[in-house]
$ cat structure.cif   # mmCIF, C-alpha atoms
data_coords
loop_
_atom_site.label_atom_id
_atom_site.label_comp_id
_atom_site.auth_asym_id
_atom_site.auth_seq_id
_atom_site.Cartn_x
_atom_site.Cartn_y
_atom_site.Cartn_z
CA MET A 202 -16.14 44.75 23.86
CA LYS A 203 -19.43 46.31 22.66
CA GLU A 204 -17.84 46.95 19.27
CA LEU A 205 -16.79 43.31 19.05
CA ILE A 206 -20.25 41.96 19.92
CA GLU A 207 -21.96 44.31 17.46
CA GLY A 208 -19.41 43.37 14.80
CA LEU A 209 -20.00 39.69 15.48
CA GLU A 210 -23.79 40.09 15.18
CA LYS A 211 -23.47 41.93 11.87
CA ALA A 212 -20.91 39.44 10.63
CA ILE A 213 -23.21 36.50 11.30
CA GLN A 214 -25.99 38.36 9.48
CA LEU A 215 -23.69 38.93 6.48
CA ILE A 216 -22.85 35.23 6.34
CA ILE A 217 -26.42 34.00 6.82
CA THR A 218 -27.87 36.35 4.18
CA GLY A 219 -25.13 35.39 1.73
CA ASP A 220 -23.83 38.94 1.22
CA PRO A 221 -22.60 39.13 -2.42
CA THR A 222 -19.32 40.89 -1.52
CA VAL A 223 -18.47 38.35 1.17
CA LEU A 224 -19.40 35.50 -1.15
CA ASP A 225 -17.35 36.91 -4.02
CA ILE A 226 -14.23 37.31 -1.87
CA THR A 227 -14.64 33.84 -0.35
CA LEU A 228 -15.03 32.11 -3.71
CA ARG A 229 -12.03 34.00 -5.13
CA SER A 230 -9.90 32.94 -2.16
CA LEU A 231 -10.92 29.31 -2.61
CA TYR A 232 -10.19 29.47 -6.35
CA ILE A 233 -6.80 31.18 -6.02
CA SER A 234 -5.50 29.05 -3.14
CA GLY A 235 -6.99 25.87 -4.60
CA ALA A 236 -5.26 26.49 -7.94
CA ALA A 237 -1.99 27.32 -6.16
CA VAL A 238 -2.07 24.08 -4.17
CA LEU A 239 -2.97 22.07 -7.26
CA ILE A 240 0.09 23.46 -9.07
CA ALA A 241 2.30 22.93 -5.99
CA ALA A 242 1.06 19.33 -5.71
CA LEU A 243 1.62 18.67 -9.42
CA TRP A 244 5.29 19.56 -9.25
CA GLY A 245 5.85 19.00 -5.50
CA ILE A 246 4.68 15.38 -5.16
CA PRO A 247 6.95 14.04 -7.95
CA ILE A 248 9.88 15.91 -6.34
CA ALA A 249 8.92 14.37 -2.98
CA ILE A 250 8.77 10.88 -4.50
CA LEU A 251 12.24 11.40 -5.95
CA LEU A 252 13.63 12.67 -2.63
CA GLY A 253 11.79 10.12 -0.51
CA LEU A 254 12.36 6.94 -2.46
CA LYS A 255 15.50 7.40 -4.56
CA ASP A 256 19.13 7.81 -3.56
CA PHE A 257 21.28 10.30 -5.44
CA ARG A 258 24.04 12.87 -4.92
CA GLY A 259 22.82 16.14 -3.42
CA LYS A 260 19.65 14.58 -1.97
CA LEU A 261 20.41 15.71 1.59
CA PHE A 262 21.13 19.25 0.42
CA LEU A 263 17.83 19.42 -1.48
CA LYS A 264 15.88 18.04 1.49
CA GLY A 265 17.51 20.63 3.76
CA LEU A 266 16.74 23.39 1.27
CA PHE A 267 13.05 22.52 1.06
CA ASN A 268 12.86 22.23 4.87
CA ALA A 269 14.44 25.66 5.24
CA LEU A 270 12.13 27.24 2.68
CA ILE A 271 9.03 26.23 4.68
CA GLY A 272 9.64 29.21 6.92
CA ILE A 273 10.12 31.84 4.23
CA PRO A 274 8.25 35.02 5.27
CA THR A 275 5.35 35.55 2.88
CA VAL A 276 6.06 39.26 2.57
CA VAL A 277 9.66 38.55 1.52
CA LEU A 278 8.46 36.12 -1.15
CA GLY A 279 5.87 38.70 -2.21
CA LEU A 280 8.60 41.33 -2.52
CA ILE A 281 10.84 39.04 -4.59
CA LEU A 282 7.94 38.22 -6.90
CA TYR A 283 7.02 41.88 -7.14
CA LEU A 284 10.57 42.73 -8.24
CA PHE A 285 10.34 40.09 -10.95
CA ILE A 286 6.90 40.95 -12.33
CA HIS A 287 6.53 44.70 -11.89
CA ARG A 288 6.48 46.76 -15.07
CA SER A 289 10.27 47.08 -15.46
CA GLY A 290 11.07 43.70 -13.87
CA VAL A 291 12.57 40.72 -15.72
CA LEU A 292 9.10 39.26 -16.25
CA GLY A 293 7.29 42.60 -16.52
CA PHE A 294 6.33 41.91 -20.12
CA LEU A 295 3.93 39.22 -18.88
CA HIS A 296 1.75 41.90 -17.20
CA LEU A 297 1.08 39.67 -14.21
CA LEU A 298 1.26 42.25 -11.44
CA TYR A 299 -2.03 42.76 -9.60
CA THR A 300 -3.70 39.77 -11.23
CA PRO A 301 -5.11 36.59 -9.67
CA THR A 302 -2.50 34.64 -11.70
CA ALA A 303 0.31 36.44 -9.86
CA ILE A 304 -1.17 35.41 -6.50
CA ILE A 305 -1.62 31.83 -7.70
CA ILE A 306 2.02 31.62 -8.80
CA GLY A 307 3.23 33.23 -5.59
CA GLN A 308 1.19 30.96 -3.34
CA ALA A 309 2.22 27.88 -5.36
CA ILE A 310 5.88 28.78 -4.77
CA LEU A 311 5.15 29.52 -1.11
CA VAL A 312 3.55 26.15 -0.38
CA THR A 313 5.76 23.93 -2.55
CA PRO A 314 8.29 23.39 0.29
CA ILE A 315 5.42 22.26 2.55
CA VAL A 316 4.14 19.78 -0.03
CA VAL A 317 7.65 18.46 -0.67
CA SER A 318 8.98 18.27 2.91
CA PHE A 319 5.83 16.80 4.49
CA SER A 320 5.42 14.28 1.66
CA VAL A 321 9.08 13.23 1.87
CA ASN A 322 8.67 12.67 5.62
CA ALA A 323 5.54 10.59 4.98
CA LEU A 324 7.26 8.48 2.32
CA GLU A 325 10.37 7.94 4.44
CA ALA A 326 8.29 7.04 7.48
CA VAL A 327 6.72 4.16 5.58
CA SER A 328 9.00 1.28 6.29
CA SER A 329 11.24 0.33 3.35
CA GLU A 330 10.12 -3.17 4.27
CA ILE A 331 6.71 -2.33 2.78
CA GLN A 332 8.40 -2.33 -0.61
CA ASP A 333 10.12 -5.66 0.14
CA LEU A 334 6.90 -7.07 1.56
CA ALA A 335 4.93 -6.18 -1.57
CA LYS A 336 7.62 -7.82 -3.72
CA THR A 337 7.60 -11.03 -1.69
CA LEU A 338 3.83 -11.17 -2.20
CA GLY A 339 4.32 -11.00 -5.95
CA ALA A 340 4.32 -7.27 -6.72
CA SER A 341 6.33 -5.89 -9.63
CA GLU A 342 8.67 -2.94 -9.04
CA ASP A 343 5.88 -0.53 -10.03
CA GLN A 344 3.29 -2.25 -7.86
CA ALA A 345 5.70 -2.28 -4.90
CA PHE A 346 6.36 1.43 -5.39
CA PHE A 347 2.62 2.06 -5.52
CA ALA A 348 2.19 0.09 -2.28
CA VAL A 349 4.65 2.44 -0.55
CA PHE A 350 2.92 5.50 -1.99
CA ARG A 351 -0.48 4.21 -0.87
CA GLU A 352 0.86 3.67 2.66
CA ALA A 353 2.20 7.24 2.67
CA LEU A 354 -0.96 8.69 1.12
CA ASP A 355 -2.36 9.96 4.43
CA GLY A 356 0.82 11.97 4.94
CA VAL A 357 0.78 13.28 1.37
CA ILE A 358 -2.87 14.35 1.77
CA LEU A 359 -1.99 16.03 5.07
CA ALA A 360 0.83 17.87 3.27
CA THR A 361 -1.62 19.09 0.63
CA VAL A 362 -4.20 20.18 3.21
CA SER A 363 -1.54 22.00 5.26
CA SER A 364 -0.43 23.72 2.06
CA PHE A 365 -3.95 24.87 1.32
CA ASN A 366 -4.36 26.19 4.84
CA ARG A 367 -1.07 28.06 4.57
CA ALA A 368 -2.03 29.48 1.14
CA VAL A 369 -5.54 30.60 2.03
CA ALA A 370 -4.36 32.20 5.29
CA GLU A 371 -1.27 34.03 3.95
CA LEU A 372 -1.29 37.77 3.47
CA GLY A 373 2.12 38.90 2.20
CA VAL A 374 2.07 37.43 -1.31
CA ALA A 375 -1.60 38.28 -1.95
CA GLN A 376 -1.07 41.89 -0.87
CA MET A 377 2.27 42.47 -2.61
CA VAL A 378 1.47 40.99 -6.02
CA GLY A 379 -2.35 41.04 -5.90
CA GLY A 380 -2.83 44.55 -4.61
CA ASN A 381 -6.26 43.79 -3.04
CA LEU A 382 -8.19 45.17 -6.03
CA SER A 383 -11.88 45.00 -5.19
CA GLY A 384 -13.76 42.49 -7.33
CA PHE A 385 -10.54 41.32 -8.99
CA THR A 386 -7.70 40.30 -6.64
CA ALA A 387 -9.17 40.93 -3.18
CA VAL A 388 -9.01 37.74 -1.11
CA LEU A 389 -10.05 36.95 2.47
CA THR A 390 -6.82 37.95 4.20
CA THR A 391 -6.18 41.17 2.25
CA THR A 392 -9.79 42.25 2.67
CA ILE A 393 -9.73 41.56 6.42
CA MET A 394 -6.70 43.84 6.69
CA ASN A 395 -8.15 46.50 4.43
CA GLU A 396 -11.62 46.55 6.02
CA THR A 397 -10.13 46.70 9.52
CA ASP A 398 -8.12 49.72 8.42
CA LYS A 399 -11.38 51.31 7.30
CA ALA A 400 -13.04 50.41 10.63
CA ASN A 401 -15.50 48.02 8.92
CA ILE A 402 -15.15 45.53 11.74
CA ASP A 403 -18.31 43.56 10.84
CA ILE A 404 -17.02 42.60 7.38
CA SER A 405 -13.59 41.79 8.84
CA ILE A 406 -15.12 39.51 11.47
CA ALA A 407 -17.41 37.85 8.91
CA LEU A 408 -14.44 37.09 6.66
CA ALA A 409 -12.34 35.92 9.61
CA ILE A 410 -15.10 33.50 10.64
CA ILE A 411 -15.28 32.17 7.07
CA LEU A 412 -11.50 31.76 6.99
CA PHE A 413 -11.68 29.72 10.21
CA ILE A 414 -14.53 27.59 8.86
CA ILE A 415 -12.61 26.88 5.64
CA VAL A 416 -9.39 25.90 7.44
CA PHE A 417 -11.01 23.74 10.11
CA GLY A 418 -13.74 22.40 7.83
CA ILE A 419 -11.33 21.10 5.21
CA THR A 420 -9.04 19.53 7.80
CA LEU A 421 -11.95 17.77 9.52
CA ALA A 422 -13.42 16.59 6.21
CA VAL A 423 -10.07 15.13 5.13
CA ASN A 424 -9.66 13.35 8.49
CA PHE A 425 -13.10 11.80 8.04
CA VAL A 426 -12.36 10.66 4.49
CA GLN A 427 -9.00 9.18 5.53
CA ARG A 428 -10.65 7.15 8.28
CA ARG A 429 -13.23 5.79 5.83
CA ARG A 430 -10.55 4.99 3.23
CA ARG A 431 -8.67 2.55 5.49
CA THR A 432 -11.67 0.28 5.98
CA MET B 955 14.51 -29.64 -4.98
CA ILE B 956 12.57 -26.36 -4.74
CA ALA B 957 15.39 -23.86 -4.26
CA GLU B 958 19.14 -23.86 -4.45
CA LEU B 959 21.89 -21.33 -3.73
CA ARG B 960 25.22 -21.87 -5.44
CA ASN B 961 28.30 -20.08 -4.05
CA VAL B 962 26.30 -17.04 -3.01
CA SER B 963 28.16 -14.09 -1.48
CA LYS B 964 26.82 -10.70 -0.47
CA THR B 965 28.66 -7.59 0.61
CA PHE B 966 27.23 -4.30 1.84
CA ASN B 967 29.60 -1.32 1.56
CA GLY B 968 32.62 -3.61 1.73
CA ILE B 969 31.29 -5.65 4.66
CA THR B 970 30.71 -9.32 3.88
CA ALA B 971 27.29 -10.52 5.02
CA LEU B 972 27.41 -13.87 3.22
CA ASN B 973 30.50 -15.70 2.07
CA ASN B 974 30.27 -18.41 -0.57
CA VAL B 975 27.09 -20.05 0.73
CA SER B 976 25.64 -23.08 -1.05
CA LEU B 977 22.51 -24.88 0.09
CA GLU B 978 19.52 -26.76 -1.24
CA VAL B 979 15.95 -26.76 0.00
CA ASN B 980 13.94 -29.86 -0.84
CA LYS B 981 10.25 -29.87 -1.66
CA GLY B 982 8.05 -30.07 1.42
CA GLU B 983 10.80 -29.92 4.04
CA ILE B 984 11.25 -27.69 7.06
CA PHE B 985 14.72 -26.22 7.09
CA ALA B 986 16.17 -24.11 9.90
CA LEU B 987 18.90 -21.52 9.58
CA LEU B 988 20.39 -21.39 13.04
CA GLY B 989 22.84 -18.69 13.99
CA PRO B 990 23.54 -15.70 16.21
CA SER B 991 22.50 -12.15 15.33
CA GLY B 992 24.51 -10.76 12.45
CA SER B 993 25.42 -14.18 11.09
CA GLY B 994 23.70 -13.46 7.76
CA LYS B 995 20.38 -15.30 8.26
CA THR B 996 18.15 -12.42 7.14
CA THR B 997 20.34 -11.63 4.13
CA LEU B 998 20.22 -15.28 3.12
CA LEU B 999 16.42 -15.34 3.38
CA LYS B 1000 16.09 -12.10 1.41
CA ILE B 1001 18.25 -13.53 -1.37
CA MET B 1002 16.08 -16.65 -1.42
CA ALA B 1003 12.97 -14.43 -1.52
CA LEU B 1004 14.57 -12.64 -4.50
CA ILE B 1005 14.29 -9.19 -2.93
CA GLU B 1006 18.06 -8.92 -2.47
CA LYS B 1007 20.51 -9.66 -5.25
CA PRO B 1008 23.65 -11.64 -4.41
CA SER B 1009 26.98 -9.91 -5.10
CA SER B 1010 28.09 -13.19 -6.66
CA GLY B 1011 26.73 -16.70 -7.03
CA GLU B 1012 23.49 -18.05 -8.42
CA VAL B 1013 19.97 -18.80 -7.22
CA TYR B 1014 17.83 -21.57 -8.70
CA PHE B 1015 14.12 -22.32 -8.33
CA ASN B 1016 12.89 -25.70 -9.54
CA GLU B 1017 16.24 -26.20 -11.31
CA GLU B 1018 15.79 -22.93 -13.24
CA ARG B 1019 18.36 -20.15 -12.79
CA VAL B 1020 16.94 -16.85 -11.57
CA SER B 1021 17.81 -13.92 -13.82
CA ASP B 1022 16.57 -10.37 -14.35
CA LYS B 1023 14.31 -11.69 -17.10
CA ASN B 1024 12.38 -14.20 -14.99
CA LEU B 1025 12.74 -12.45 -11.60
CA GLN B 1026 9.12 -11.35 -11.32
CA GLN B 1027 7.76 -14.76 -12.30
CA MET B 1028 10.21 -16.55 -9.94
CA ARG B 1029 9.21 -14.32 -7.04
CA MET B 1030 5.72 -15.85 -7.22
CA GLN B 1031 7.18 -19.19 -6.11
CA ALA B 1032 8.38 -18.03 -2.68
CA THR B 1033 7.15 -15.61 -0.08
CA MET B 1034 8.71 -14.24 3.09
CA VAL B 1035 7.54 -13.19 6.55
CA PHE B 1036 9.82 -10.63 8.16
CA GLN B 1037 11.09 -10.58 11.72
CA LYS B 1038 9.75 -7.08 12.29
CA THR B 1039 6.13 -7.58 11.36
CA VAL B 1040 5.03 -5.33 8.53
CA VAL B 1041 1.34 -4.82 7.86
CA PHE B 1042 -0.39 -2.59 5.36
CA ASN B 1043 -2.34 0.23 6.97
CA THR B 1044 -5.71 -1.30 6.17
CA THR B 1045 -7.99 -4.12 7.30
CA ILE B 1046 -6.85 -7.67 7.97
CA TYR B 1047 -8.90 -8.82 4.97
CA ASN B 1048 -7.11 -6.39 2.62
CA ASN B 1049 -3.75 -7.42 4.06
CA VAL B 1050 -4.32 -11.12 3.51
CA ALA B 1051 -5.97 -10.59 0.12
CA TYR B 1052 -3.14 -8.37 -1.25
CA GLY B 1053 -1.09 -11.10 -2.95
CA LEU B 1054 -4.21 -12.85 -4.25
CA LYS B 1055 -5.41 -9.62 -5.87
CA LEU B 1056 -2.01 -9.24 -7.56
CA ARG B 1057 -2.56 -12.71 -8.99
CA LYS B 1058 -5.94 -11.55 -10.33
CA ILE B 1059 -7.90 -14.26 -8.52
CA PRO B 1060 -11.70 -13.71 -8.65
CA GLU B 1061 -13.11 -11.82 -5.65
CA ASN B 1062 -15.36 -14.68 -4.47
CA LYS B 1063 -12.39 -17.08 -4.47
CA ILE B 1064 -10.30 -14.51 -2.58
CA LYS B 1065 -13.00 -14.21 0.07
CA GLU B 1066 -13.11 -17.97 0.48
CA LYS B 1067 -9.33 -18.34 0.71
CA VAL B 1068 -8.96 -15.44 3.16
CA ASN B 1069 -11.68 -16.82 5.44
CA ASP B 1070 -10.11 -20.30 5.38
CA ILE B 1071 -6.61 -19.08 6.22
CA LEU B 1072 -7.86 -16.75 8.96
CA LYS B 1073 -9.49 -19.77 10.60
CA ILE B 1074 -6.17 -21.61 10.49
CA VAL B 1075 -4.29 -18.74 12.19
CA LYS B 1076 -7.18 -18.38 14.66
CA LEU B 1077 -8.19 -14.91 13.50
CA GLU B 1078 -11.64 -15.75 12.10
CA ASN B 1079 -14.14 -12.86 12.33
CA PHE B 1080 -11.22 -10.40 12.54
CA GLU B 1081 -11.21 -9.55 8.82
CA LYS B 1082 -12.73 -6.07 9.15
CA ARG B 1083 -10.38 -4.94 11.90
CA LEU B 1084 -7.44 -2.65 11.13
CA ALA B 1085 -4.25 -4.69 11.07
CA ASN B 1086 -2.10 -2.09 12.80
CA ARG B 1087 -4.43 -2.06 15.82
CA LEU B 1088 -3.63 -5.72 16.61
CA SER B 1089 -1.08 -6.95 19.12
CA GLY B 1090 2.39 -7.95 17.87
CA GLY B 1091 1.50 -11.64 18.03
CA GLU B 1092 -1.75 -11.19 16.13
CA GLN B 1093 0.02 -9.09 13.49
CA GLN B 1094 2.57 -11.86 13.04
CA ARG B 1095 -0.31 -14.30 12.52
CA VAL B 1096 -1.76 -11.96 9.87
CA ALA B 1097 1.66 -11.87 8.18
CA LEU B 1098 1.83 -15.66 8.22
CA ALA B 1099 -1.72 -15.95 6.84
CA ARG B 1100 -0.87 -13.43 4.10
CA ALA B 1101 2.09 -15.59 3.08
CA LEU B 1102 0.42 -18.99 3.33
CA VAL B 1103 -2.78 -17.98 1.53
CA LEU B 1104 -0.79 -17.66 -1.69
CA GLY B 1105 -0.11 -21.38 -1.71
CA ALA B 1106 3.57 -20.75 -2.51
CA LYS B 1107 5.71 -23.87 -2.50
CA LEU B 1108 8.39 -22.12 -0.39
CA VAL B 1109 7.74 -19.91 2.62
CA LEU B 1110 10.66 -18.07 4.27
CA LEU B 1111 10.25 -17.01 7.88
CA ASP B 1112 12.68 -14.66 9.61
CA GLU B 1113 12.64 -15.33 13.37
CA PRO B 1114 8.87 -15.92 13.23
CA THR B 1115 8.38 -16.26 16.98
CA ALA B 1116 10.98 -13.78 18.23
CA ASN B 1117 9.49 -11.47 20.90
CA LEU B 1118 6.15 -13.31 20.91
CA ASP B 1119 4.33 -14.52 24.01
CA PRO B 1120 4.15 -18.33 24.43
CA ARG B 1121 0.52 -18.56 23.21
CA ASN B 1122 1.18 -16.71 19.94
CA ALA B 1123 4.48 -18.56 19.47
CA ALA B 1124 2.67 -21.88 19.88
CA ILE B 1125 -0.01 -20.89 17.33
CA ILE B 1126 2.67 -19.84 14.82
CA GLU B 1127 4.58 -23.13 15.27
CA GLU B 1128 1.36 -25.12 14.92
CA VAL B 1129 0.44 -23.26 11.71
CA ILE B 1130 3.92 -23.84 10.27
CA SER B 1131 3.64 -27.57 10.99
CA THR B 1132 0.11 -27.75 9.55
CA ALA B 1133 1.07 -25.91 6.35
CA ASN B 1134 4.05 -28.18 5.90
CA ARG B 1135 2.14 -31.38 6.62
CA ASP B 1136 -1.17 -30.65 4.85
CA LEU B 1137 -0.09 -28.41 1.98
CA GLY B 1138 3.42 -29.72 1.42
CA THR B 1139 4.82 -26.18 1.76
CA ALA B 1140 8.59 -26.11 2.14
CA ILE B 1141 9.49 -23.85 5.06
CA VAL B 1142 12.85 -22.19 5.66
CA PHE B 1143 13.06 -20.30 8.89
CA ALA B 1144 15.79 -18.35 10.59
CA THR B 1145 16.16 -18.62 14.31
CA HIS B 1146 18.71 -18.15 17.06
CA ASN B 1147 16.67 -20.43 19.31
CA ILE B 1148 18.34 -23.84 19.33
CA PHE B 1149 15.29 -25.52 20.93
CA GLN B 1150 12.99 -24.25 18.18
CA ALA B 1151 15.53 -25.29 15.56
CA ARG B 1152 15.48 -28.82 16.97
CA SER B 1153 11.72 -29.11 17.56
CA LEU B 1154 10.37 -28.10 14.13
CA PRO B 1155 12.70 -28.79 11.24
CA GLN B 1156 14.03 -31.84 9.52
CA ARG B 1157 17.33 -30.18 8.54
CA ILE B 1158 19.38 -27.46 10.15
CA ALA B 1159 22.19 -25.28 8.79
CA LEU B 1160 24.42 -23.52 11.30
CA LEU B 1161 25.37 -20.09 10.02
CA LYS B 1162 28.38 -18.27 11.45
CA ASN B 1163 29.97 -15.03 10.19
CA GLY B 1164 28.23 -15.33 6.82
CA ARG B 1165 29.34 -18.92 6.22
CA ILE B 1166 27.54 -22.21 6.70
CA ASP B 1167 29.51 -23.87 9.44
CA GLN B 1168 27.73 -27.20 9.29
CA PHE B 1169 24.55 -29.01 8.26
CA GLY B 1170 22.65 -31.35 10.55
CA THR B 1171 19.29 -32.96 11.22
CA SER B 1172 16.95 -32.42 14.12
CA THR B 1173 17.00 -36.04 15.19
#

$ encode --input "structure.cif" --output "structure tokens"
Amino acid sequence: MKELIEGLEKAIQLIITGDPTVLDITLRSLYISGAAVLIAALWGIPIAILLGLKDFRGKLFLKGLFNALIGIPTVVLGLILYLFIHRSGVLGFLHLLYTPTAIIIGQAILVTPIVVSFSVNALEAVSSEIQDLAKTLGASEDQAFFAVFREALDGVILATVSSFNRAVAELGVAQMVGGNLSGFTAVLTTTIMNETDKANIDISIALAIILFIIVFGITLAVNFVQRRRRT
Amino acid sequence: MIAELRNVSKTFNGITALNNVSLEVNKGEIFALLGPSGSGKTTLLKIMALIEKPSSGEVYFNEERVSDKNLQQMRMQATMVFQKTVVFNTTIYNNVAYGLKLRKIPENKIKEKVNDILKIVKLENFEKRLANRLSGGEQQRVALARALVLGAKLVLLDEPTANLDPRNAAIIEEVISTANRDLGTAIVFATHNIFQARSLPQRIALLKNGRIDQFGTST
């Protein structure tokens, strides 16, 4: 208990004084996970629109596949990626292993099923009558489609926020393909694990607190913005 | 004549919802489609609102045949209020103003029109409230205001007072009568309530198994 309290005190000091190492790791985590979610949103939202609003053969299979992939263990995905990008792997010539780019790609793949499945649910939950309603009020096909998307926007934003939270808090991919290289690929989760191993509890606690603040802070901020947007 | 259906049929996955229906709606009249559930009333209204395409037959507005080319422009002539009230997840003002914004009407005019119509449906001073926080009856009044504010010559109402309490039902019926009398809006409404069908409209069509069984008048 004493160790925990001392660690907490030191951790708060590290945060308040803006310790350069803590700051560096935090900013890298935000950059890597932010970029991963941006990529996942760029390809995931169009896929979700297709699955949520169009009817075609194989749609149910694809929806089931994305739902199933939400639960993929991060360490398994990390291993698969490692096998692809390590020196003698199929994509070894790209020299991606132990780079921030490798983590970004891995996290983007990891969170894509969340973006797709949650967004599809949001789009399907919006009554198909919204589309009909918009048309009866004079909307063109495109405007009616946009009306549905706007109604589902809260759900799509929630999907994106959940994806970010999953990305920033995952460990398996970042460790397997990032390697936790200090000053280069070390992110919050890998450093927490590494510093705990080295008995540097204060740094671990400081980073854990920051991780909590990021996850809760972003979710609360988005909730606030969504409430303002409706009025 | 504002709208006309000629030999319209509609099938969904092999099931016939409408079978060779022909009818005319005159300018400024109130026309009731009376029939039990599943008789094809909603499908008929959706075809008249041009959000459902007939499997066969033709639809005319102001003597002009509706085609893929003029669909968007023709849709501006009629508007529909659904049985299950649908509101956009925003304020009452934004809901009612939606169609006016699509028509690129200046903002000050929109404000004026929205305020006027909200007075008529007895929802004045409600404009900043979120539409999905209202009661079912109030939401239906928002839906009616959103349709009437466009000044369309034909308004289609699908069971507009179904599941409403007597007060809200009375307000809706009063607004329908006022719009018809003062603005000359032609109203077509579906109902399974024979008393409502006889109290409001000038003409009634009895729909049964996707066919019009007979036409009549309310007197």

$ resolve_selection --input "structure.cif" --expression "the PyMOL selection byres ((chain B) within 10 of (chain A))" --output "VMD selection string"
chain B and resid 1000 1003 to 1006 1025 to 1036 1038 to 1048 1050 1052 to 1057 1082 to 1084 1097 1100 to 1101 1104 1106 1109 to 1110

$ residues_around --input "structure.cif" --residues "stretch 1074-1079 of chain B" --least-positions-apart "3" --cutoff "12 Å" --atoms "all atoms listed in the file" --output "PDB file with C-alpha atoms, keeping the file's coordinate frame"
ATOM      1  CA  THR B1045      -7.990  -4.120   7.300  1.00  0.00           C
ATOM      2  CA  ILE B1046      -6.850  -7.670   7.970  1.00  0.00           C
ATOM      3  CA  TYR B1047      -8.900  -8.820   4.970  1.00  0.00           C
ATOM      4  CA  VAL B1050      -4.320 -11.120   3.510  1.00  0.00           C
ATOM      5  CA  GLU B1066     -13.110 -17.970   0.480  1.00  0.00           C
ATOM      6  CA  LYS B1067      -9.330 -18.340   0.710  1.00  0.00           C
ATOM      7  CA  VAL B1068      -8.960 -15.440   3.160  1.00  0.00           C
ATOM      8  CA  ASN B1069     -11.680 -16.820   5.440  1.00  0.00           C
ATOM      9  CA  ASP B1070     -10.110 -20.300   5.380  1.00  0.00           C
ATOM     10  CA  ILE B1071      -6.610 -19.080   6.220  1.00  0.00           C
ATOM     11  CA  LYS B1082     -12.730  -6.070   9.150  1.00  0.00           C
ATOM     12  CA  ARG B1083     -10.380  -4.940  11.900  1.00  0.00           C
ATOM     13  CA  ALA B1085      -4.250  -4.690  11.070  1.00  0.00           C
ATOM     14  CA  LEU B1088      -3.630  -5.720  16.610  1.00  0.00           C
ATOM     15  CA  GLY B1091       1.500 -11.640  18.030  1.00  0.00           C
ATOM     16  CA  GLU B1092      -1.750 -11.190  16.130  1.00  0.00           C
ATOM     17  CA  GLN B1093       0.020  -9.090  13.490  1.00  0.00           C
ATOM     18  CA  GLN B1094       2.570 -11.860  13.040  1.00  0.00           C
ATOM     19  CA  ARG B1095      -0.310 -14.300  12.520  1.00  0.00           C
ATOM     20  CA  VAL B1096      -1.760 -11.960   9.870  1.00  0.00           C
ATOM     21  CA  ALA B1097       1.660 -11.870   8.180  1.00  0.00           C
ATOM     22  CA  LEU B1098       1.830 -15.660   8.220  1.00  0.00           C
ATOM     23  CA  ALA B1099      -1.720 -15.950   6.840  1.00  0.00           C
ATOM     24  CA  ARG B1100      -0.870 -13.430   4.100  1.00  0.00           C
ATOM     25  CA  ALA B1101       2.090 -15.590   3.080  1.00  0.00           C
ATOM     26  CA  LEU B1102       0.420 -18.990   3.330  1.00  0.00           C
ATOM     27  CA  VAL B1103      -2.780 -17.980   1.530  1.00  0.00           C
ATOM     28  CA  ARG B1121       0.520 -18.560  23.210  1.00  0.00           C
ATOM     29  CA  ASN B1122       1.180 -16.710  19.940  1.00  0.00           C
ATOM     30  CA  ALA B1123       4.480 -18.560  19.470  1.00  0.00           C
ATOM     31  CA  ALA B1124       2.670 -21.880  19.880  1.00  0.00           C
ATOM     32  CA  ILE B1125      -0.010 -20.890  17.330  1.00  0.00           C
ATOM     33  CA  ILE B1126       2.670 -19.840  14.820  1.00  0.00           C
ATOM     34  CA  GLU B1127       4.580 -23.130  15.270  1.00  0.00           C
ATOM     35  CA  GLU B1128       1.360 -25.120  14.920  1.00  0.00           C
ATOM     36  CA  VAL B1129       0.440 -23.260  11.710  1.00  0.00           C
ATOM     37  CA  ILE B1130       3.920 -23.840  10.270  1.00  0.00           C
ATOM     38  CA  SER B1131       3.640 -27.570  10.990  1.00  0.00           C
ATOM     39  CA  THR B1132       0.110 -27.750   9.550  1.00  0.00           C
ATOM     40  CA  ALA B1133       1.070 -25.910   6.350  1.00  0.00           C
ATOM     41  CA  ASP B1136      -1.170 -30.650   4.850  1.00  0.00           C
TER      42      ASP B1136
END

$ resolve_selection --input "structure.cif" --expression "the PyMOL selection byres ((chain B and resi 1138) around 8)" --output "PyMOL selection string"
chain B and resi 981-983+1107+1133-1137+1139-1140

$ resolve_selection --input "structure.cif" --expression "the PyMOL selection byres ((chain A and resi 277-281) around 6)" --output "compact mmCIF listing (two decimals) with C-alpha atoms, in the coordinates of the input"
# COMPACT_ATOMS: atom_id res chain seq x y z
CA PRO A 274 8.25 35.02 5.27
CA THR A 275 5.35 35.55 2.88
CA VAL A 276 6.06 39.26 2.57
CA LEU A 282 7.94 38.22 -6.90
CA TYR A 283 7.02 41.88 -7.14
CA LEU A 284 10.57 42.73 -8.24
CA GLY A 373 2.12 38.90 2.20
CA VAL A 374 2.07 37.43 -1.31
CA MET A 377 2.27 42.47 -2.61

$ atom_distance --input "structure.cif" --atom1 "atom CA of A:Val291" --atom2 "atom CA of A:Ile306"
15.6 Å

$ residues_around --input "structure.cif" --residues "B:Met955" --least-positions-apart "6" --cutoff "7 Å" --atoms "all atoms listed in the file" --output "list in words"
Glu978, Val979, Asn980, Lys981 and Asn1016 of chain B
